[in-house]
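Student: Right, I'll just put the structure down here and ask away after.
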Amino acid sequence: MSYLKKIIYNCKQATFLIEKKQLKRLSFREEIELRIHLAGCGMCVLYNKQSHIINTMVQQLFHDSLRSELKLDENFKAELQAKIEEGLGNN
Amino acid sequence: MISENNVLAPHKWVATYADYLYMYAIVRINDEDLAKDLVQETFLAALERVDRFEGRSTERTWLTAILKNKIIDVYRKKSSGLAVAAANKATQEQDEFFDEGNGHWKSEYAPQPIAGMDEQDPLLQKELNKILQLCLQKLPALWNAVFTMKHVDDAATEHICTELHVTQANFWVIIHRAKVNLRACLQKNWN
(Lines give C-alpha, C1' and ligand atoms only; values in the text may rest on other atoms or scores of the structure.)
Protein backbone atom coordinates (compact mmCIF):
# COMPACT_ATOMS: atom_id res chain seq x y z
CA MET A 1 0.00 0.00 0.00
CA SER A 2 1.33 3.42 -0.88
CA TYR A 3 2.00 5.99 1.84
CA LEU A 4 -0.91 8.12 0.67
CA LYS A 5 -3.31 5.18 0.59
CA LYS A 6 -2.32 4.27 4.13
CA ILE A 7 -3.27 7.74 5.32
CA ILE A 8 -6.55 7.63 3.44
CA TYR A 9 -7.60 4.29 4.92
CA ASN A 10 -6.33 4.68 8.45
CA CYS A 11 -9.26 5.97 10.50
CA LYS A 12 -7.65 4.68 13.69
CA GLN A 13 -4.71 7.02 13.21
CA ALA A 14 -6.96 9.87 12.04
CA THR A 15 -9.18 9.67 15.14
CA PHE A 16 -6.04 9.52 17.28
CA LEU A 17 -4.86 12.77 15.70
CA ILE A 18 -8.33 14.31 16.09
CA GLU A 19 -8.13 13.67 19.83
CA LYS A 20 -4.56 14.87 20.11
CA LYS A 21 -5.34 18.05 18.22
CA GLN A 22 -7.98 19.04 20.76
CA LEU A 23 -5.34 19.09 23.49
CA LYS A 24 -2.07 19.87 21.78
CA ARG A 25 -0.61 21.39 18.65
CA LEU A 26 0.03 18.74 16.01
CA SER A 27 3.33 18.51 14.21
CA PHE A 28 3.36 19.75 10.62
CA ARG A 29 3.38 16.23 9.28
CA GLU A 30 0.52 15.11 11.54
CA GLU A 31 -1.52 18.14 10.55
CA ILE A 32 -1.08 17.41 6.83
CA GLU A 33 -1.92 13.73 7.29
CA LEU A 34 -5.09 14.59 9.18
CA ARG A 35 -6.19 17.08 6.53
CA ILE A 36 -5.63 14.62 3.72
CA HIS A 37 -7.60 12.00 5.59
CA LEU A 38 -10.50 14.28 6.47
CA ALA A 39 -10.74 15.53 2.88
CA GLY A 40 -11.74 12.04 1.82
CA CYS A 41 -13.41 10.47 4.86
CA GLY A 42 -16.92 11.55 5.77
CA MET A 43 -17.02 9.16 8.73
CA CYS A 44 -14.04 10.79 10.42
CA VAL A 45 -15.41 14.25 9.62
CA LEU A 46 -18.51 13.20 11.53
CA TYR A 47 -16.37 11.69 14.31
CA ASN A 48 -14.48 14.97 14.59
CA LYS A 49 -17.67 16.96 14.96
CA GLN A 50 -19.18 14.55 17.50
CA SER A 51 -15.96 14.36 19.48
CA HIS A 52 -15.97 18.12 19.99
CA ILE A 53 -19.62 18.07 21.01
CA ILE A 54 -18.95 15.28 23.52
CA ASN A 55 -16.26 17.40 25.17
CA THR A 56 -18.68 20.27 25.58
CA MET A 57 -21.36 17.90 26.90
CA VAL A 58 -19.03 16.36 29.48
CA GLN A 59 -17.87 19.77 30.69
CA GLN A 60 -21.46 20.95 30.91
CA LEU A 61 -22.43 17.80 32.78
CA PHE A 62 -19.79 18.33 35.47
CA HIS A 63 -20.49 22.02 35.65
CA ASP A 64 -24.25 21.55 36.05
CA SER A 65 -23.92 18.84 38.64
CA LEU A 66 -22.17 21.30 40.96
CA ARG A 67 -25.48 23.13 41.12
CA SER A 68 -27.52 20.01 41.69
CA GLU A 69 -30.04 19.47 44.44
CA LEU A 70 -28.14 16.64 46.07
CA LYS A 71 -26.96 17.81 49.47
CA LEU A 72 -25.28 16.35 52.50
CA ASP A 73 -27.66 15.53 55.31
CA GLU A 74 -27.77 17.92 58.22
CA ASN A 75 -26.76 15.34 60.85
CA PHE A 76 -23.58 14.57 58.99
CA LYS A 77 -22.84 18.27 58.68
CA ALA A 78 -23.43 18.91 62.37
CA GLU A 79 -21.09 16.08 63.34
CA LEU A 80 -18.51 17.33 60.93
CA GLN A 81 -18.62 20.86 62.27
CA ALA A 82 -18.34 19.44 65.81
CA LYS A 83 -15.17 17.60 64.76
CA ILE A 84 -13.75 20.79 63.33
CA GLU A 85 -14.55 22.73 66.49
CA GLU A 86 -12.89 19.99 68.51
CA GLY A 87 -9.81 20.23 66.28
CA LEU A 88 -9.77 24.00 66.69
CA GLY A 89 -9.98 23.63 70.46
CA ASN A 90 -6.87 21.48 70.49
CA ASN A 91 -4.76 24.04 68.69
CA MET B 1 -4.27 43.43 49.21
CA ILE B 2 -5.92 40.75 51.24
CA SER B 3 -9.62 40.57 50.61
CA GLU B 4 -12.05 39.15 53.11
CA ASN B 5 -12.34 36.00 51.03
CA ASN B 6 -8.72 35.17 51.65
CA VAL B 7 -9.06 34.73 55.37
CA LEU B 8 -9.89 31.34 56.82
CA ALA B 9 -13.02 30.92 58.90
CA PRO B 10 -13.19 27.26 59.97
CA HIS B 11 -16.28 27.86 62.09
CA LYS B 12 -18.21 28.44 58.89
CA TRP B 13 -16.55 25.81 56.69
CA VAL B 14 -19.25 23.18 56.83
CA ALA B 15 -22.12 25.59 56.30
CA THR B 16 -20.38 27.33 53.42
CA TYR B 17 -18.49 24.64 51.53
CA ALA B 18 -19.60 21.13 52.55
CA ASP B 19 -22.28 20.76 49.87
CA TYR B 20 -20.06 22.22 47.17
CA LEU B 21 -17.14 19.92 48.02
CA TYR B 22 -19.48 16.95 48.27
CA MET B 23 -20.82 17.53 44.75
CA TYR B 24 -17.32 18.18 43.46
CA ALA B 25 -16.24 14.79 44.76
CA ILE B 26 -19.33 12.86 43.81
CA VAL B 27 -19.28 13.69 40.11
CA ARG B 28 -15.67 12.58 39.99
CA ILE B 29 -15.84 9.35 41.95
CA ASN B 30 -19.52 8.48 41.79
CA ASP B 31 -19.73 6.99 45.28
CA GLU B 32 -21.74 8.82 47.96
CA ASP B 33 -20.11 7.28 51.03
CA LEU B 34 -16.63 7.75 49.71
CA ALA B 35 -17.47 11.35 48.77
CA LYS B 36 -18.63 12.01 52.33
CA ASP B 37 -15.40 10.58 53.71
CA LEU B 38 -13.35 12.74 51.38
CA VAL B 39 -15.19 15.90 52.44
CA GLN B 40 -14.49 15.09 56.07
CA GLU B 41 -10.85 14.27 55.37
CA THR B 42 -10.50 17.50 53.43
CA PHE B 43 -11.69 19.66 56.32
CA LEU B 44 -9.56 17.80 58.86
CA ALA B 45 -6.48 18.01 56.66
CA ALA B 46 -7.17 21.70 56.07
CA LEU B 47 -7.41 22.26 59.80
CA GLU B 48 -3.93 20.85 60.26
CA ARG B 49 -2.44 23.26 57.79
CA VAL B 50 -4.38 26.38 58.62
CA ASP B 51 -1.14 28.13 59.54
CA ARG B 52 0.28 27.40 56.12
CA PHE B 53 -2.54 29.19 54.31
CA GLU B 54 -1.01 32.27 52.74
CA GLY B 55 -4.10 33.97 51.48
CA ARG B 56 -3.02 33.77 47.86
CA SER B 57 -6.22 32.02 46.86
CA THR B 58 -9.75 32.10 48.17
CA GLU B 59 -10.74 29.77 50.96
CA ARG B 60 -12.87 27.77 48.52
CA THR B 61 -10.05 27.35 46.00
CA TRP B 62 -7.71 26.28 48.78
CA LEU B 63 -10.13 23.68 50.15
CA THR B 64 -10.91 22.41 46.65
CA ALA B 65 -7.20 21.92 45.97
CA ILE B 66 -6.91 19.74 49.06
CA LEU B 67 -9.94 17.72 47.96
CA LYS B 68 -8.50 17.35 44.44
CA ASN B 69 -5.41 15.67 45.84
CA LYS B 70 -7.56 13.30 47.84
CA ILE B 71 -9.54 12.42 44.71
CA ILE B 72 -6.31 11.69 42.84
CA ASP B 73 -5.34 9.32 45.67
CA VAL B 74 -8.62 7.50 45.07
CA TYR B 75 -8.01 7.34 41.31
CA ARG B 76 -4.56 5.98 41.98
CA LYS B 77 -5.78 3.32 44.38
CA LYS B 78 -8.52 2.27 41.98
CA SER B 79 -6.11 1.86 39.11
CA SER B 80 -2.91 0.89 40.91
CA GLY B 81 -1.22 -2.06 39.29
CA LEU B 82 -4.01 -1.99 36.77
CA ALA B 83 -2.46 0.78 34.74
CA VAL B 84 -0.57 -1.57 32.48
CA ALA B 85 -3.47 -3.97 32.24
CA ALA B 86 -5.83 -1.13 31.40
CA ALA B 87 -3.56 0.14 28.66
CA ASN B 88 -3.33 -3.34 27.19
CA LYS B 89 -7.05 -3.70 27.40
CA ALA B 90 -7.30 -0.39 25.57
CA THR B 91 -5.26 -1.78 22.70
CA GLN B 92 -7.45 -4.85 22.44
CA GLU B 93 -10.72 -2.98 22.60
CA GLN B 94 -9.58 -0.57 19.96
CA ASP B 95 -9.21 -3.45 17.56
CA GLU B 96 -12.91 -4.00 17.93
CA PHE B 97 -13.59 -0.66 16.31
CA PHE B 98 -10.98 -0.59 13.56
CA ASP B 99 -9.79 -3.07 10.97
CA GLU B 100 -6.54 -4.61 12.17
CA GLY B 101 -4.91 -4.42 8.77
CA ASN B 102 -5.52 -0.92 7.49
CA GLY B 103 -7.09 0.85 10.49
CA HIS B 104 -10.36 1.56 8.68
CA TRP B 105 -13.61 1.74 10.68
CA LYS B 106 -15.33 -1.62 10.92
CA SER B 107 -18.70 -1.06 9.31
CA GLU B 108 -20.73 -1.84 12.46
CA TYR B 109 -18.82 0.81 14.44
CA ALA B 110 -18.63 3.50 11.78
CA PRO B 111 -19.83 6.85 13.12
CA GLN B 112 -23.43 7.65 12.36
CA PRO B 113 -25.31 10.84 13.12
CA ILE B 114 -26.54 10.92 16.73
CA ALA B 115 -29.83 12.78 16.85
CA GLY B 116 -30.04 15.15 19.77
CA MET B 117 -26.40 16.12 19.55
CA ASP B 118 -26.91 19.03 17.21
CA GLU B 119 -30.48 19.76 18.14
CA GLN B 120 -31.44 22.33 20.69
CA ASP B 121 -34.36 20.33 22.04
CA PRO B 122 -33.82 20.38 25.84
CA LEU B 123 -35.66 17.09 26.37
CA LEU B 124 -33.51 15.24 23.86
CA GLN B 125 -30.39 16.74 25.37
CA LYS B 126 -31.43 15.70 28.84
CA GLU B 127 -31.88 12.12 27.68
CA LEU B 128 -28.56 12.19 25.89
CA ASN B 129 -26.86 13.54 29.02
CA LYS B 130 -28.20 10.62 31.04
CA ILE B 131 -26.77 8.17 28.55
CA LEU B 132 -23.47 10.05 28.55
CA GLN B 133 -23.28 9.70 32.32
CA LEU B 134 -23.81 5.95 32.12
CA CYS B 135 -21.23 5.67 29.35
CA LEU B 136 -18.68 7.59 31.44
CA GLN B 137 -19.23 5.21 34.34
CA LYS B 138 -18.61 2.23 32.08
CA LEU B 139 -15.10 3.39 31.23
CA PRO B 140 -12.28 1.64 33.13
CA ALA B 141 -11.34 3.63 36.27
CA LEU B 142 -7.99 4.77 34.91
CA TRP B 143 -9.44 6.00 31.61
CA ASN B 144 -12.18 7.84 33.43
CA ALA B 145 -9.61 9.49 35.70
CA VAL B 146 -7.36 10.53 32.82
CA PHE B 147 -10.29 11.75 30.76
CA THR B 148 -11.86 13.76 33.59
CA MET B 149 -8.61 15.31 34.76
CA LYS B 150 -7.81 16.45 31.24
CA HIS B 151 -11.16 17.50 29.83
CA VAL B 152 -12.93 18.76 32.94
CA ASP B 153 -10.15 19.91 35.26
CA ASP B 154 -7.86 20.95 32.43
CA ALA B 155 -4.83 19.52 34.24
CA ALA B 156 -1.40 19.57 32.57
CA THR B 157 -0.57 16.33 30.77
CA GLU B 158 2.71 15.96 32.69
CA HIS B 159 0.84 16.35 35.96
CA ILE B 160 -1.68 13.63 35.05
CA CYS B 161 1.07 11.26 33.94
CA THR B 162 3.00 11.75 37.17
CA GLU B 163 0.02 11.49 39.47
CA LEU B 164 -1.53 8.45 37.82
CA HIS B 165 1.74 6.75 36.87
CA VAL B 166 1.14 6.53 33.14
CA THR B 167 3.66 7.24 30.40
CA GLN B 168 3.06 10.02 27.88
CA ALA B 169 2.52 7.43 25.15
CA ASN B 170 -0.08 5.63 27.25
CA PHE B 171 -1.71 8.93 28.08
CA TRP B 172 -2.48 9.64 24.42
CA VAL B 173 -3.61 6.08 23.83
CA ILE B 174 -6.02 6.35 26.76
CA ILE B 175 -7.32 9.79 25.69
CA HIS B 176 -8.03 8.40 22.23
CA ARG B 177 -9.62 5.18 23.36
CA ALA B 178 -11.74 6.74 26.05
CA LYS B 179 -13.31 9.04 23.47
CA VAL B 180 -13.79 6.37 20.79
CA ASN B 181 -15.51 4.24 23.43
CA LEU B 182 -17.66 7.06 24.74
CA ARG B 183 -18.81 8.00 21.27
CA ALA B 184 -19.59 4.40 20.35
CA CYS B 185 -21.47 3.93 23.62
CA LEU B 186 -23.60 7.02 22.92
CA GLN B 187 -24.37 5.87 19.41
CA LYS B 188 -25.23 2.35 20.52
CA ASN B 189 -27.54 3.39 23.33
CA TRP B 190 -29.18 6.26 21.56
CA ASN B 191 -30.12 5.00 18.13
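Numbering starts fresh at 1 for the residues of each chain in the C-alpha coordinates, the chains themselves are lettered A, B, ... in the order given, and ligands are numbered from 1 as they appear.
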Residues of chain B within 6 Å of chain A, using only C-alpha atoms, as a list of chain:residue names?
Tutor: B:Val14, B:Asp19, B:Met23, B:Asn102, B:Gly103, B:His104, B:Pro111, B:Val152, B:His176
Student: Counting only C-alpha atoms, what is within 10 Å of Phe53 in chain B, bar same-chain residues fewer than 4 positions away, as a count of residues only?
Tutor: 9
